[in-house]
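Novice: Input file: query_16.txt. Contents: compact mmCIF, C-alpha atoms.
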```txt
# COMPACT_ATOMS: atom_id res chain seq x y z
CA MET A 181 110.82 123.41 107.06
CA LEU A 182 109.65 123.50 110.70
CA MET A 183 111.77 121.61 113.19
CA ILE A 184 111.24 120.67 116.82
CA ARG A 185 114.40 121.66 118.63
CA SER A 186 113.95 119.95 121.99
CA ALA A 187 115.17 116.33 121.98
CA ARG A 188 112.97 115.46 124.96
CA LEU A 189 109.88 116.88 123.29
CA ARG A 190 110.68 114.97 120.08
CA THR A 191 111.02 111.72 122.03
CA PHE A 192 107.76 112.35 123.87
CA LEU A 193 105.86 113.06 120.65
CA ARG A 194 107.36 110.11 118.77
CA TRP A 195 105.90 107.70 121.32
CA SER A 196 102.84 109.46 122.74
CA ILE A 197 101.16 110.36 119.43
CA PRO A 198 100.91 106.85 117.91
CA LEU A 199 100.46 104.96 121.18
CA CYS A 200 98.20 107.34 123.12
CA LEU A 201 97.12 110.68 121.67
CA MET A 202 95.97 109.50 118.23
CA PRO A 203 94.07 106.36 119.37
CA VAL A 204 92.32 108.20 122.21
CA MET A 205 91.38 111.13 119.98
CA VAL A 206 89.98 108.88 117.25
CA LEU A 207 88.01 106.67 119.64
CA VAL A 208 86.57 109.54 121.68
CA GLY A 209 85.93 111.60 118.56
CA GLY A 210 84.19 108.66 116.92
CA MET A 211 81.72 108.51 119.81
CA ILE A 212 81.22 112.27 120.15
CA PHE A 213 81.13 113.50 116.56
CA ARG A 214 79.44 110.53 114.85
CA GLU A 215 77.59 112.01 111.85
CA LYS A 216 78.69 115.60 112.49
CA ARG A 217 82.10 117.23 112.32
CA TYR A 218 83.88 114.07 111.19
CA LEU A 219 86.04 116.15 108.85
CA LEU A 220 87.22 118.13 111.87
CA LEU A 221 88.27 114.86 113.50
CA ALA A 222 90.10 113.79 110.33
CA CYS A 223 91.91 117.14 110.13
CA MET A 224 92.95 116.85 113.78
CA ALA A 225 94.28 113.37 113.05
CA ALA A 226 96.19 114.74 110.06
CA GLY A 227 97.68 117.44 112.30
CA LEU A 228 98.94 114.81 114.75
CA ALA A 229 100.41 112.78 111.87
CA VAL A 230 102.33 115.82 110.61
CA LEU A 231 103.48 116.65 114.15
CA LEU A 232 104.73 113.07 114.55
CA PHE A 233 106.64 113.36 111.27
CA LEU A 234 108.24 116.63 112.40
CA SER A 235 109.27 115.03 115.68
CA GLY A 236 111.47 112.63 113.68
CA VAL A 237 113.23 115.42 111.79
CA GLU A 238 116.64 116.20 113.27
CA ARG A 239 118.20 117.94 110.26
CA ARG A 240 116.36 120.39 108.03
CA GLN A 241 117.84 119.13 104.73
CA THR A 242 117.20 115.46 105.48
CA GLY A 243 113.69 116.24 106.67
CA ALA A 244 112.83 118.03 103.42
CA ARG A 245 114.08 115.07 101.36
CA ARG A 246 112.10 112.66 103.50
CA MET A 247 108.98 114.78 103.09
CA VAL A 248 109.29 114.67 99.29
CA LEU A 249 109.67 110.89 99.32
CA ALA A 250 106.77 110.55 101.75
CA ALA A 251 104.61 112.60 99.37
CA VAL A 252 105.55 110.34 96.45
CA MET A 253 104.77 107.17 98.43
CA THR A 254 101.47 108.68 99.60
CA ALA A 255 100.55 109.32 95.97
CA LEU A 256 101.34 105.68 95.13
CA CYS A 257 99.11 104.54 98.00
CA ILE A 258 96.27 106.70 96.72
CA ALA A 259 96.68 105.29 93.21
CA GLY A 260 96.68 101.79 94.68
CA ARG A 261 93.20 102.27 96.13
CA PHE A 262 91.80 102.36 92.59
CA ILE A 263 92.82 98.73 92.00
CA PRO A 264 89.72 96.54 92.42
CA LEU A 265 89.65 93.99 95.27
CA PHE A 266 93.43 93.73 95.81
CA LYS A 267 94.74 97.06 97.08
CA PRO A 268 98.48 97.61 97.75
CA VAL A 269 98.02 100.51 100.19
CA THR A 270 99.25 98.57 103.20
CA ALA A 271 102.16 97.00 101.30
CA ILE A 272 103.41 100.37 100.04
CA THR A 273 103.03 101.91 103.50
CA VAL A 274 104.99 99.07 105.10
CA LEU A 275 107.84 99.21 102.58
CA ALA A 276 108.07 103.00 102.79
CA ALA A 277 108.19 102.89 106.59
CA MET A 278 110.97 100.29 106.57
CA TYR A 279 113.28 102.65 104.67
CA LEU A 280 112.01 106.14 105.50
CA GLY A 281 111.33 105.63 109.21
CA ARG A 282 108.33 105.00 111.41
CA GLU A 283 107.25 108.66 111.52
CA SER A 284 107.17 108.73 107.72
CA GLY A 285 105.26 105.45 107.68
CA PHE A 286 102.60 106.86 109.97
CA LEU A 287 102.27 110.01 107.88
CA ILE A 288 102.03 108.09 104.60
CA GLY A 289 99.36 105.71 105.88
CA ALA A 290 97.27 108.42 107.53
CA MET A 291 97.44 110.91 104.66
CA ALA A 292 96.75 108.22 102.04
CA ALA A 293 93.45 107.49 103.80
CA LEU A 294 92.48 111.15 104.18
CA LEU A 295 93.39 112.30 100.67
CA SER A 296 92.03 109.27 98.79
CA ASN A 297 88.70 109.61 100.60
CA PHE A 298 88.11 112.93 98.88
CA TYR A 299 87.36 110.64 95.91
CA PHE A 300 86.05 107.51 97.65
CA GLY A 301 84.00 109.45 100.18
CA GLN A 302 84.73 111.13 103.50
CA GLY A 303 82.90 110.01 106.61
CA PRO A 304 83.28 109.09 110.27
CA TRP A 305 85.32 106.09 109.13
CA THR A 306 88.11 108.28 107.72
CA ALA A 307 89.81 108.91 111.06
CA PHE A 308 89.76 105.17 111.84
CA GLN A 309 91.35 104.40 108.47
CA MET A 310 94.00 107.03 109.19
CA LEU A 311 94.71 105.46 112.58
CA ALA A 312 94.84 101.90 111.19
CA TRP A 313 97.11 102.59 108.23
CA GLY A 314 99.19 105.05 110.26
CA MET A 315 99.83 102.50 112.99
CA ILE A 316 100.67 99.82 110.43
CA GLY A 317 103.31 102.13 108.97
CA TRP A 318 104.64 103.16 112.38
CA LEU A 319 105.06 99.57 113.56
CA ALA A 320 106.71 98.59 110.27
CA GLY A 321 109.27 101.34 110.78
CA LEU A 322 109.83 100.22 114.36
CA LEU A 323 110.42 96.63 113.19
CA ALA A 324 112.36 97.65 110.08
CA GLU A 325 115.53 95.65 110.70
CA PRO A 326 113.99 92.17 111.12
CA LEU A 327 111.52 92.88 108.31
CA LYS A 328 114.36 93.77 105.95
CA ARG A 329 116.49 90.74 106.84
CA HIS A 330 113.84 88.02 106.70
CA ARG A 331 111.20 87.76 103.99
CA PHE A 332 109.17 85.43 106.22
CA TRP A 333 108.71 88.07 108.93
CA LEU A 334 107.79 90.68 106.34
CA LEU A 335 105.10 88.49 104.83
CA LEU A 336 103.83 87.54 108.27
CA TYR A 337 103.66 91.20 109.26
CA GLY A 338 101.79 92.07 106.07
CA THR A 339 99.24 89.35 106.77
CA ALA A 340 98.84 90.49 110.39
CA ALA A 341 98.50 94.09 109.20
CA GLY A 342 95.47 93.13 107.12
CA VAL A 343 93.84 91.59 110.19
CA PHE A 344 94.76 94.61 112.32
CA TYR A 345 93.21 97.01 109.81
CA SER A 346 89.97 95.05 109.82
CA LEU A 347 89.87 94.92 113.63
CA VAL A 348 90.27 98.69 113.88
CA MET A 349 87.55 99.31 111.31
CA ASP A 350 85.25 96.90 113.15
CA ILE A 351 85.56 99.18 116.19
CA TRP A 352 84.18 102.01 114.08
CA THR A 353 81.35 99.73 112.93
CA VAL A 354 80.33 99.08 116.55
CA LEU A 355 80.53 102.74 117.53
CA TRP A 356 78.47 103.66 114.49
CA TYR A 357 75.63 101.27 115.29
CA GLN A 358 75.59 101.75 119.04
CA ASP A 359 76.32 104.46 121.61
CA GLY A 360 79.48 103.10 123.13
CA PHE A 361 81.47 99.91 122.65
CA HIS A 362 79.72 96.54 122.98
CA PRO A 363 81.95 93.39 122.96
CA ALA A 364 79.18 91.11 121.65
CA LEU A 365 78.47 93.42 118.71
CA TYR A 366 82.20 93.76 118.07
CA LEU A 367 82.55 89.97 117.86
CA THR A 368 79.62 89.89 115.43
CA ALA A 369 81.27 92.56 113.30
CA ILE A 370 84.53 90.58 113.22
CA VAL A 371 82.76 87.41 112.09
CA THR A 372 80.71 89.25 109.48
CA ALA A 373 83.80 90.93 108.03
CA LEU A 374 85.89 87.73 108.06
CA PRO A 375 85.79 87.11 104.25
CA HIS A 376 86.95 90.68 103.59
CA THR A 377 89.62 90.37 106.29
CA ILE A 378 91.02 87.18 104.73
CA LEU A 379 91.00 88.74 101.25
CA TYR A 380 92.79 91.87 102.47
CA ALA A 381 95.38 89.92 104.45
CA ALA A 382 96.06 87.70 101.43
CA SER A 383 96.42 90.72 99.15
CA ASN A 384 98.98 92.24 101.53
CA LEU A 385 100.97 89.02 101.48
CA LEU A 386 100.94 88.84 97.67
CA PHE A 387 101.89 92.48 97.15
CA LEU A 388 104.72 92.33 99.68
CA TRP A 389 106.03 89.11 98.14
CA TRP A 390 106.01 90.79 94.70
CA MET A 391 107.08 94.33 95.65
CA ALA A 392 109.55 93.81 98.50
CA LYS A 393 112.67 93.28 96.39
CA PRO A 394 112.27 95.97 93.66
CA PHE A 395 110.89 98.58 96.06
CA GLY A 396 113.41 97.68 98.72
CA GLU A 397 116.37 98.02 96.36
CA LYS A 398 115.27 101.42 95.10
CA LEU A 399 114.36 102.82 98.51
CA GLY A 400 117.56 101.39 99.98
CA ARG A 401 119.67 103.20 97.38
CA ILE A 402 117.80 106.44 98.01
CA GLN A 403 118.27 105.99 101.75
CA ILE A 404 122.04 105.62 101.37
CA ARG A 405 122.50 108.29 98.71
CA TYR A 406 120.59 111.02 100.52
CA GLY A 407 121.36 109.98 104.08
CA ILE A 408 117.74 109.45 105.06
```
How does the structure come out when it is put into structure tokens?
Specialist:
Amino acid sequence: MLMIRSARLRTFLRWSIPLCLMPVMVLVGGMIFREKRYLLLACMAAGLAVLLFLSGVERRQTGARRMVLAAVMTALCIAGRFIPLFKPVTAITVLAAMYLGRESGFLIGAMAALLSNFYFGQGPWTAFQMLAWGMIGWLAGLLAEPLKRHRFWLLLYGTAAGVFYSLVMDIWTVLWYQDGFHPALYLTAIVTALPHTILYAASNLLFLWWMAKPFGEKLGRIQIRYGI
């Protein structure tokens, strides 16, 4: 398994990719590529997600184990997208990130969007879904300790994650309809999508309330047993 040897480079990548490189690439790419070459943009986003994951690998053996678990959780996210209306993608991504780390959370969220869209349909929206779910996983890993200790904060984060996902996708909606970003149109998109946003936020809350304990216990045992 590839490893990044330099500690400074790893630190730079762990912060710059989710907070700068990925958002800028997706936003600029969304305006430039539009109907054409959107798969190229999605593949570039996937490359950054993998690079971010590798930046969190300090030991080859642990990194390989984490990759296997990340693949399993990604598969669960993909399966969850087939559930009508209430989809546990965000909940699974959040729980995985809490125990596998923020780099794993970003990778799981981003790859779940890319791979599942080979069935649900690829398009210019794919990169925005990768960014939204990736960032939700990354932040969950960053806030892992308070989210593990207090169920209230976990449920609040899950609800906020549903709103965040909708806000990111509304940016794509504006860029799709217009050349450039228009605040008035963005506000209109937010209001129009409000019923879907509420439904998605509520589904995150319900899935996290139901899944947090059983998933947390199993992932916690795996984390201790394999030193992840």
Novice: What's the 12 Å shell around Met211 (chain A), counting only C-alpha atoms, without same-chain residues fewer than 3 positions away, as a ChimeraX atom specification?
Specialist: /A:204-208,214-218,221,304-305,307-308,351-361
Novice: CA of Leu249 (chain A) to CA of Ala324 (chain A): how many Å, to one decimal?
Specialist: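 The value is 17.3 Å.
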Novice: Nearest to Ala341 (chain A): which of A:Ser296, A:Thr377, A:Gln403, A:Ser284 is it, counting all atoms listed in the file?
Specialist: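 Using all atoms listed in the file, Ala341 (chain A) sits closest to A:Thr377.
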Novice: If we draw a sphere of 10 Å around (87.4, 108.4, 105.1), which residues have at least one atom in it when counting all atoms listed in the file? Please report them as a PyMOL selection string.
Specialist: chain A and resi 218-219+222+292-310
Novice: I'd like the contact shell of region 342-349 of chain A - 9 Å cut-off, all atoms listed in the file, skipping same-chain residues fewer than 6 positions apart - returned as JSON, numbers by chain.
Specialist: {"A": [270, 305, 308, 309, 311, 312, 313, 316, 366, 369, 370, 373, 374, 376, 377, 378, 379, 380, 381, 382, 383, 384, 385]}
Novice: If we count all atoms listed in the file, what is near Val252 (chain A) at a cut-off of 12 Å, once residues fewer than 3 positions away on the same chain are taken out, given as a VMD selection string?
Specialist: chain A and resid 245 to 249 255 to 259 272 to 273 276 280 284 287 to 288 291 to 292 399
Novice: How many Å lie between CA of Ala250 (chain A) and CA of Gly396 (chain A), rounded to one decimal?
Specialist: 14.8 Å
Novice: Counting all atoms listed in the file, which residue out of A:Met202, A:Leu220, A:Ala244, A:Val237 sits closest to Ser186 (chain A)?
Specialist: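 Nearest to Ser186 (chain A): A:Val237.
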Novice: Which residue, A:Val274, A:Trp318, A:Arg190, A:Glu325, has the smallest gap to Phe395 (chain A) when you use all atoms listed in the file?
Specialist: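 With all atoms listed in the file as the atom set, the closest residue is A:Val274.
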Novice: Can you tell me how far CA of Trp390 (chain A) sits from CA of Arg405 (chain A), in Å to one decimal?
Specialist: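 Interatomic distance here is 24.4 Å.
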Novice: Show me the residues close to (110.0, 101.8, 112.7) - anything with an atom within 8 Å, counting only C-alpha atoms - and format the list as a ChimeraX atom specification.
Specialist: /A:277-278,281-283,285,317-324
Novice: Just want the 10 Å neighbourhood of Leu386 (chain A), counted on all atoms listed in the file, with same-chain residues fewer than 5 positions away dropped. Output as an NGL selection string.
Specialist: :A and (266 or 268 or 271 or 335 or 338-339 or 380-381 or 391-392)
Novice: Put those residues in a file: C-alpha atoms, as a tab-separated table (two decimals), in the coordinates of the input.
Specialist:
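Final output, saved to out20.tsv:
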```
chain	number	residue	atom	x	y	z
A	266	PHE	CA	93.43	93.73	95.81
A	268	PRO	CA	98.48	97.61	97.75
A	271	ALA	CA	102.16	97.00	101.30
A	335	LEU	CA	105.10	88.49	104.83
A	338	GLY	CA	101.79	92.07	106.07
A	339	THR	CA	99.24	89.35	106.77
A	380	TYR	CA	92.79	91.87	102.47
A	381	ALA	CA	95.38	89.92	104.45
A	391	MET	CA	107.08	94.33	95.65
A	392	ALA	CA	109.55	93.81	98.50
```
